[in-house]
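Please read the structure below before turning to the comments.
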Amino acid sequence: MLGKSFRHFFVCIVTLVFAAWMHSVSAEEANYVLGPGDVLKITVYNSPDLTLETRVTENGTISFPLLGEVQLGGMTAPLAEKKLAELLVSGRFLKQPQINILVVQFQSKMISVLGSVYKPGRYPLDRATNLTDLLALVGGATPDGSDLITIIGKSGKSEYDLRSIMDKTDGSQNIPLAGGEIVYVHARDISVMGQVNRPGKYSVVGGVRTVSDFLGVAGGINPSGADVVTVTTFRDGKLNRFEVDVDSLFRTGNNSENIELASGDGIYVPRAPMFYIYGEVQRPGSFRIERNMTVIQALAQGGGLTSRGTQRNIKLHRRNEKGAIEKLSPELTDPVLPDDVLYVQESLF
């Protein structure tokens with residue numbers, strides 16, 4: 001008995017929800033504005049001779065029996081029904097006509113969907129539609145598509161972040177579409193180049209937004225990469241280029257330079273600055289210059305001195321501002337600069 005009552009209650013709830021949904025759909029269709037190209041099926045009850053299927057002309061008119069050319073463009077279907085009824089009454093053709101207009105083909109309001117979607121093309125707007133509904137209609141974004149979407153309409157061009165829209169559970173951020181818009185879903189637009197483990201182009205999707213996010217999806221900076229990377233952005237028609245200290249970003253937690261990237265932006269990781277050491281050291285060769293490295297730390301990078309080496313009279317070859325090579329005698333605490341060449345001499349004793 002209880003199970004039967006529960007099933008009856010469940011059926012009632014489903015019926016009410018379906019009825020509310022149908023009412024919402026009917027309300028949306030009733031608000032559709034007729035326009036050129038729409039095909040209308042007009043039914044006049046008890047007057048089959050007046051029932052017809054016709055197309056709205058470019059001028060927004062239809063040809064209706066007894067009435068001739070009638071302007072219906074720019075009106076909703078209920079208003080058009082009322083207008084035809086009034087014209088039939090004022091012309092003394094019918095006393096109380098009951099008219100129903102059904103839009104058979106929606107052609108006056110088309111939306112073009114381009115870019116990285118599964119089913120790009122032109123779609124008729126048959127009822128009040130928003131951006132997420134349209135994306136569902138075209139099958140969603142392809143794997144190489146991003147969350148960045150550009151909509152070009154009568155009011156101009158606007159960019160939207162689908163993630164921000166989806167984060168609003170009440171739908172308050174969803175974008176309504178009126179027809180005539182061009183919706184473009186961006187592809188993978190962020191370039192990560194240089195000394196990273198997986199250079200390439202990456203999408204602005206999911207939680208991937210900032211400089212550190214994109215360095216992460218590119219596999220991180222490889223051992224030969226520098227701590228300071230170059231970020232290129234394109235905002236308001238202007239190309240901007242600035243440097244981001246990644247080491248400081250992660251050590252200090254200062255996110256002021258960890259900006260969110262957008263379509264067309266790029267990250268370039270240059271090679272780390274190098275120094276060279278030869279002579280009486282255990283491992284002569286080229287090495288990465290660590291932050292604030294000194295001469296004595298450079299000696300340690302080279303494995304230290306051999307049994308014949310001496311810390312006295314170390315020679316440093318450095319290129320000056322004019323490009324000429326200078327031969328210096330550095331102190332052990334002096335800083336090492338990019339492209340410095342250290343020579344450890346043999347001890348005389």
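Following the order of the structure tokens, first chain is A, next is B, and so on, with residues numbered from 1 inside each chain and ligands from 1 in the order they appear.
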
Handout entry: All strand (DSSP E) positions in range 184-266 of chain A, as an MDAnalysis selection string
Key = chainID A and resid 184:187 190:194 200:202 228:235 238:245 266

Exercise for the section: Pick out the closest residue to Val185 in chain A from this set: A:Asp133, A:Asp247, A:Glu159, A:Glu257. Count only C-alpha atoms. Expected result: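 Distance minimum relative to Val185 in chain A lands on A:Glu159.
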
Handout entry: Shortest interatomic distance to Val204 in chain A - which of A:Ser116, A:Asn320, A:Thr310, A:Ser263, counting only C-alpha atoms
Key =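 With only C-alpha atoms as the atom set, the closest residue is A:Ser263.
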
Practice task
Considering only C-alpha atoms, return as a list of chain:residue names whatever protein or nucleic-acid residues lie within 9 Å of range 73-76 of chain A, sequence-local ones (same chain, fewer than 2 positions apart) excluded.
Solution key: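 With the cut-off at 9 Å, the set is A:Glu29, A:Ala30, A:Asn31, A:Tyr32, A:Val33, A:Leu34, A:Gly35, A:Pro36, A:Val56, A:Thr57, A:Glu58, A:Asn59, A:Gly60, A:Thr61, A:Ile62, A:Gln71, A:Pro78, A:Leu79, A:Ala80, A:Glu81.
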
Atoms to include: N, CA and C atoms. Write the selected residues as a PDB file, in the first residue's frame.
ATOM      1  N   GLU A  29       8.594  29.975 -27.143  1.00  0.00           N
ATOM      2  CA  GLU A  29       8.180  30.010 -28.531  1.00  0.00           C
ATOM      3  C   GLU A  29       7.223  31.166 -28.793  1.00  0.00           C
ATOM      4  N   ALA A  30       6.373  31.477 -27.811  1.00  0.00           N
ATOM      5  CA  ALA A  30       5.433  32.584 -27.981  1.00  0.00           C
ATOM      6  C   ALA A  30       6.153  33.914 -28.099  1.00  0.00           C
ATOM      7  N   ASN A  31       7.357  33.999 -27.541  1.00  0.00           N
ATOM      8  CA  ASN A  31       8.118  35.243 -27.601  1.00  0.00           C
ATOM      9  C   ASN A  31       8.964  35.355 -28.857  1.00  0.00           C
ATOM     10  N   TYR A  32       8.945  34.333 -29.697  1.00  0.00           N
ATOM     11  CA  TYR A  32       9.737  34.376 -30.927  1.00  0.00           C
ATOM     12  C   TYR A  32       9.158  35.423 -31.867  1.00  0.00           C
ATOM     13  N   VAL A  33      10.028  36.261 -32.414  1.00  0.00           N
ATOM     14  CA  VAL A  33       9.600  37.345 -33.307  1.00  0.00           C
ATOM     15  C   VAL A  33       9.729  36.868 -34.748  1.00  0.00           C
ATOM     16  N   LEU A  34       8.639  36.961 -35.494  1.00  0.00           N
ATOM     17  CA  LEU A  34       8.623  36.524 -36.881  1.00  0.00           C
ATOM     18  C   LEU A  34       9.477  37.437 -37.735  1.00  0.00           C
ATOM     19  N   GLY A  35      10.120  36.829 -38.758  1.00  0.00           N
ATOM     20  CA  GLY A  35      10.987  37.615 -39.621  1.00  0.00           C
ATOM     21  C   GLY A  35      11.113  36.998 -41.001  1.00  0.00           C
ATOM     22  N   PRO A  36      11.833  37.662 -41.901  1.00  0.00           N
ATOM     23  CA  PRO A  36      11.980  37.183 -43.272  1.00  0.00           C
ATOM     24  C   PRO A  36      12.510  35.761 -43.346  1.00  0.00           C
ATOM     25  N   VAL A  56       7.380  34.215 -44.950  1.00  0.00           N
ATOM     26  CA  VAL A  56       7.479  35.659 -44.740  1.00  0.00           C
ATOM     27  C   VAL A  56       8.500  36.239 -45.716  1.00  0.00           C
ATOM     28  N   THR A  57       8.109  37.284 -46.442  1.00  0.00           N
ATOM     29  CA  THR A  57       8.993  37.877 -47.450  1.00  0.00           C
ATOM     30  C   THR A  57      10.089  38.708 -46.784  1.00  0.00           C
ATOM     31  N   GLU A  58      11.018  39.190 -47.612  1.00  0.00           N
ATOM     32  CA  GLU A  58      12.091  40.044 -47.110  1.00  0.00           C
ATOM     33  C   GLU A  58      11.554  41.326 -46.503  1.00  0.00           C
ATOM     34  N   ASN A  59      10.377  41.747 -46.953  1.00  0.00           N
ATOM     35  CA  ASN A  59       9.758  42.967 -46.401  1.00  0.00           C
ATOM     36  C   ASN A  59       8.965  42.686 -45.138  1.00  0.00           C
ATOM     37  N   GLY A  60       8.917  41.393 -44.732  1.00  0.00           N
ATOM     38  CA  GLY A  60       8.191  41.048 -43.518  1.00  0.00           C
ATOM     39  C   GLY A  60       6.706  40.841 -43.735  1.00  0.00           C
ATOM     40  N   THR A  61       6.271  40.637 -44.991  1.00  0.00           N
ATOM     41  CA  THR A  61       4.838  40.478 -45.274  1.00  0.00           C
ATOM     42  C   THR A  61       4.522  39.049 -45.693  1.00  0.00           C
ATOM     43  N   ILE A  62       3.227  38.711 -45.650  1.00  0.00           N
ATOM     44  CA  ILE A  62       2.723  37.466 -46.217  1.00  0.00           C
ATOM     45  C   ILE A  62       1.531  37.803 -47.107  1.00  0.00           C
ATOM     46  N   GLN A  71       1.454  42.762 -43.144  1.00  0.00           N
ATOM     47  CA  GLN A  71       2.744  42.901 -42.484  1.00  0.00           C
ATOM     48  C   GLN A  71       2.733  42.165 -41.150  1.00  0.00           C
ATOM     49  N   PRO A  78       1.453  35.217 -31.358  1.00  0.00           N
ATOM     50  CA  PRO A  78       0.150  35.620 -30.801  1.00  0.00           C
ATOM     51  C   PRO A  78      -0.323  36.979 -31.321  1.00  0.00           C
ATOM     52  N   LEU A  79       0.590  37.936 -31.450  1.00  0.00           N
ATOM     53  CA  LEU A  79       0.202  39.248 -31.972  1.00  0.00           C
ATOM     54  C   LEU A  79      -0.207  39.157 -33.438  1.00  0.00           C
ATOM     55  N   ALA A  80       0.511  38.304 -34.198  1.00  0.00           N
ATOM     56  CA  ALA A  80       0.153  38.128 -35.606  1.00  0.00           C
ATOM     57  C   ALA A  80      -1.224  37.481 -35.732  1.00  0.00           C
ATOM     58  N   GLU A  81      -1.529  36.524 -34.866  1.00  0.00           N
ATOM     59  CA  GLU A  81      -2.859  35.897 -34.873  1.00  0.00           C
ATOM     60  C   GLU A  81      -3.952  36.934 -34.597  1.00  0.00           C
TER      61      GLU A  81
END

Exercise for the section: Using only C-alpha atoms, determine which residues lie at most 7 Å from range 147-156 of chain A, disregarding the query and same-chain residues fewer than 6 positions distant; provide the list as a ChimeraX atom specification. Expected result: /A:162-163,180-186,204-205

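CA of Gly219 in chain A is positioned 24.2 Å from CA of Ala141 in chain A.
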
Handout entry: A:Gln96, A:Thr210, A:Thr232, A:Ser158 ranked by distance to Leu249 in chain A, top pick (using only C-alpha atoms)
Key = A:Thr210

Practice task
Extract, using only C-alpha atoms, all DNA, RNA and protein residues at most 12 Å from Leu88 in chain A, discarding same-chain residues fewer than 6 positions from it, and format them as a VMD selection string.
Solution key: chain A and resid 44 47 50 64 to 68 70 81 to 82 94 to 99

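Minimum atom-to-atom distance to Phe106 in chain A, evaluated using only C-alpha atoms, belongs to A:Tyr123 out of A:Phe242, A:Tyr278, A:Tyr123, A:Phe250.
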
Practice task
Determine which residues of range 52-159 of chain A DSSP labels as alpha helix (DSSP H) from the backbone of this structure, then write them out as a list in words.
Solution key: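 Alpha helix (DSSP H) assignments inside range 52-159 of chain A correspond to Ala77, Pro78, Leu79, Ala80, Glu81, Lys82, Lys83, Leu84, Ala85, Glu86, Leu87, Leu88, Val89, Ser90, Leu131, Thr132, Asp133, Leu134, Leu135, Ala136 and Leu137 of chain A.
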
Exercise for the section: One decimal, Å: what's the distance from CA of Gly139 in chain A over to CA of Gly121 in chain A, could you say? Expected result: 11.6 Å

Pro199 in chain A environment, 12 Å, only C-alpha atoms, sequence neighbours closer than 2 positions dropped, as a tab-separated table (two decimals) with all heavy atoms, in the first residue's frame:
chain	number	residue	atom	x	y	z
A	190	ILE	N	47.41	29.26	-26.50
A	190	ILE	CA	48.55	29.68	-25.67
A	190	ILE	C	49.79	28.89	-26.09
A	190	ILE	O	49.80	27.67	-26.02
A	190	ILE	CB	48.26	29.47	-24.17
A	190	ILE	CG1	46.94	30.13	-23.78
A	190	ILE	CG2	49.42	30.02	-23.35
A	190	ILE	CD1	46.91	31.62	-24.01
A	191	SER	N	50.81	29.60	-26.53
A	191	SER	CA	52.06	28.95	-26.95
A	191	SER	C	53.04	28.93	-25.79
A	191	SER	O	53.28	29.98	-25.18
A	191	SER	CB	52.67	29.69	-28.14
A	191	SER	OG	51.80	29.66	-29.25
A	192	VAL	N	53.60	27.77	-25.52
A	192	VAL	CA	54.66	27.64	-24.50
A	192	VAL	C	55.88	27.10	-25.24
A	192	VAL	O	55.88	25.97	-25.72
A	192	VAL	CB	54.25	26.69	-23.36
A	192	VAL	CG1	55.32	26.69	-22.28
A	192	VAL	CG2	52.90	27.10	-22.78
A	193	MET	N	56.91	27.94	-25.35
A	193	MET	CA	58.07	27.59	-26.17
A	193	MET	C	59.36	27.69	-25.35
A	193	MET	O	59.37	28.23	-24.25
A	193	MET	CB	58.14	28.54	-27.36
A	193	MET	CG	56.90	28.51	-28.26
A	193	MET	SD	56.93	29.79	-29.51
A	193	MET	CE	56.74	31.26	-28.50
A	194	GLY	N	60.42	27.18	-25.95
A	194	GLY	CA	61.72	27.29	-25.31
A	194	GLY	C	62.05	26.08	-24.47
A	194	GLY	O	61.70	24.93	-24.80
A	195	GLN	N	62.70	26.33	-23.35
A	195	GLN	CA	63.27	25.26	-22.53
A	195	GLN	C	62.24	24.68	-21.55
A	195	GLN	O	62.35	24.80	-20.34
A	195	GLN	CB	64.50	25.78	-21.78
A	195	GLN	CG	65.57	26.37	-22.67
A	195	GLN	CD	66.00	25.41	-23.75
A	195	GLN	OE1	66.38	24.28	-23.47
A	195	GLN	NE2	65.98	25.86	-25.01
A	196	VAL	N	61.20	24.05	-22.13
A	196	VAL	CA	60.23	23.30	-21.33
A	196	VAL	C	60.23	21.86	-21.84
A	196	VAL	O	60.69	21.58	-22.95
A	196	VAL	CB	58.82	23.90	-21.41
A	196	VAL	CG1	58.76	25.24	-20.71
A	196	VAL	CG2	58.36	24.03	-22.86
A	197	ASN	N	59.71	20.95	-21.05
A	197	ASN	CA	59.76	19.53	-21.41
A	197	ASN	C	58.80	19.16	-22.53
A	197	ASN	O	59.05	18.22	-23.28
A	197	ASN	CB	59.49	18.67	-20.17
A	197	ASN	CG	60.64	18.73	-19.19
A	197	ASN	OD1	61.78	18.44	-19.54
A	197	ASN	ND2	60.36	19.11	-17.95
A	201	LYS	N	51.27	24.22	-28.08
A	201	LYS	CA	50.13	25.09	-27.83
A	201	LYS	C	49.15	24.38	-26.91
A	201	LYS	O	48.88	23.19	-27.07
A	201	LYS	CB	49.44	25.47	-29.14
A	201	LYS	CG	50.23	26.46	-29.98
A	201	LYS	CD	49.39	26.98	-31.13
A	201	LYS	CE	50.15	28.08	-31.88
A	201	LYS	NZ	49.33	28.65	-32.98
A	202	TYR	N	48.59	25.14	-25.97
A	202	TYR	CA	47.71	24.56	-24.96
A	202	TYR	C	46.45	25.39	-24.82
A	202	TYR	O	46.47	26.60	-24.99
A	202	TYR	CB	48.44	24.44	-23.62
A	202	TYR	CG	49.59	23.46	-23.67
A	202	TYR	CD1	50.88	23.89	-24.00
A	202	TYR	CD2	49.37	22.11	-23.42
A	202	TYR	CE1	51.92	22.99	-24.08
A	202	TYR	CE2	50.42	21.20	-23.49
A	202	TYR	CZ	51.69	21.64	-23.82
A	202	TYR	OH	52.73	20.75	-23.89
A	214	PHE	N	50.26	27.03	-17.17
A	214	PHE	CA	50.71	26.62	-18.49
A	214	PHE	C	52.12	26.04	-18.46
A	214	PHE	O	52.44	25.13	-19.24
A	214	PHE	CB	50.61	27.78	-19.47
A	214	PHE	CG	49.21	27.99	-19.96
A	214	PHE	CD1	48.42	28.99	-19.42
A	214	PHE	CD2	48.67	27.17	-20.94
A	214	PHE	CE1	47.11	29.17	-19.85
A	214	PHE	CE2	47.37	27.35	-21.38
A	214	PHE	CZ	46.60	28.34	-20.83
A	215	LEU	N	52.96	26.54	-17.58
A	215	LEU	CA	54.28	25.91	-17.43
A	215	LEU	C	54.12	24.49	-16.91
A	215	LEU	O	54.87	23.59	-17.30
A	215	LEU	CB	55.14	26.73	-16.47
A	215	LEU	CG	55.65	28.07	-17.00
A	215	LEU	CD1	56.38	28.84	-15.90
A	215	LEU	CD2	56.57	27.87	-18.21
A	216	GLY	N	53.12	24.29	-16.06
A	216	GLY	CA	52.87	22.95	-15.52
A	216	GLY	C	52.41	21.98	-16.59
A	216	GLY	O	52.91	20.86	-16.68
A	217	VAL	N	51.44	22.38	-17.43
A	217	VAL	CA	50.94	21.47	-18.46
A	217	VAL	C	51.99	21.23	-19.54
A	217	VAL	O	51.93	20.22	-20.26
A	217	VAL	CB	49.63	21.99	-19.09
A	217	VAL	CG1	48.53	22.08	-18.07
A	217	VAL	CG2	49.84	23.33	-19.78
A	218	ALA	N	52.96	22.14	-19.66
A	218	ALA	CA	54.05	21.94	-20.63
A	218	ALA	C	55.18	21.10	-20.04
A	218	ALA	O	56.25	20.97	-20.64
A	218	ALA	CB	54.60	23.29	-21.09
A	219	GLY	N	54.96	20.53	-18.86
A	219	GLY	CA	55.94	19.62	-18.27
A	219	GLY	C	56.97	20.30	-17.40
A	219	GLY	O	57.91	19.66	-16.92
A	220	GLY	N	56.83	21.60	-17.20
A	220	GLY	CA	57.79	22.33	-16.38
A	220	GLY	C	59.03	22.74	-17.15
A	220	GLY	O	59.25	22.32	-18.30
A	221	ILE	N	59.84	23.57	-16.53
A	221	ILE	CA	61.09	24.04	-17.14
A	221	ILE	C	62.14	22.94	-17.04
A	221	ILE	O	62.33	22.35	-15.98
A	221	ILE	CB	61.57	25.32	-16.43
A	221	ILE	CG1	60.52	26.43	-16.58
A	221	ILE	CG2	62.90	25.79	-16.99
A	221	ILE	CD1	60.83	27.70	-15.79
A	222	ASN	N	62.82	22.67	-18.15
A	222	ASN	CA	63.83	21.62	-18.12
A	222	ASN	C	65.13	22.15	-17.48
A	222	ASN	O	65.25	23.35	-17.23
A	222	ASN	CB	64.07	21.03	-19.52
A	222	ASN	CG	64.61	22.05	-20.50
A	222	ASN	OD1	65.40	22.91	-20.15
A	222	ASN	ND2	64.18	21.95	-21.75
A	266	GLY	N	51.59	34.11	-25.13
A	266	GLY	CA	52.65	33.12	-25.23
A	266	GLY	C	53.66	33.22	-24.09
A	266	GLY	O	53.81	34.27	-23.47
A	267	ILE	N	54.33	32.10	-23.84
A	267	ILE	CA	55.39	32.03	-22.82
A	267	ILE	C	56.65	31.50	-23.50
A	267	ILE	O	56.59	30.49	-24.22
A	267	ILE	CB	55.01	31.10	-21.66
A	267	ILE	CG1	53.71	31.57	-20.99
A	267	ILE	CG2	56.13	31.02	-20.63
A	267	ILE	CD1	53.19	30.58	-19.94
A	268	TYR	N	57.75	32.19	-23.28
A	268	TYR	CA	59.03	31.72	-23.81
A	268	TYR	C	60.01	31.54	-22.67
A	268	TYR	O	60.26	32.47	-21.89
A	268	TYR	CB	59.60	32.70	-24.83
A	268	TYR	CG	60.97	32.30	-25.32
A	268	TYR	CD1	61.14	31.20	-26.16
A	268	TYR	CD2	62.11	33.01	-24.92
A	268	TYR	CE1	62.40	30.82	-26.60
A	268	TYR	CE2	63.37	32.63	-25.35
A	268	TYR	CZ	63.51	31.54	-26.19
A	268	TYR	OH	64.75	31.15	-26.61
A	269	VAL	N	60.58	30.34	-22.55
A	269	VAL	CA	61.57	30.04	-21.51
A	269	VAL	C	62.94	30.00	-22.17
A	269	VAL	O	63.25	29.07	-22.93
A	269	VAL	CB	61.27	28.69	-20.83
A	269	VAL	CG1	62.29	28.43	-19.74
A	269	VAL	CG2	59.86	28.68	-20.26

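We find CA of Met166 in chain A and CA of Leu131 in chain A to be spaced 10.7 Å apart.
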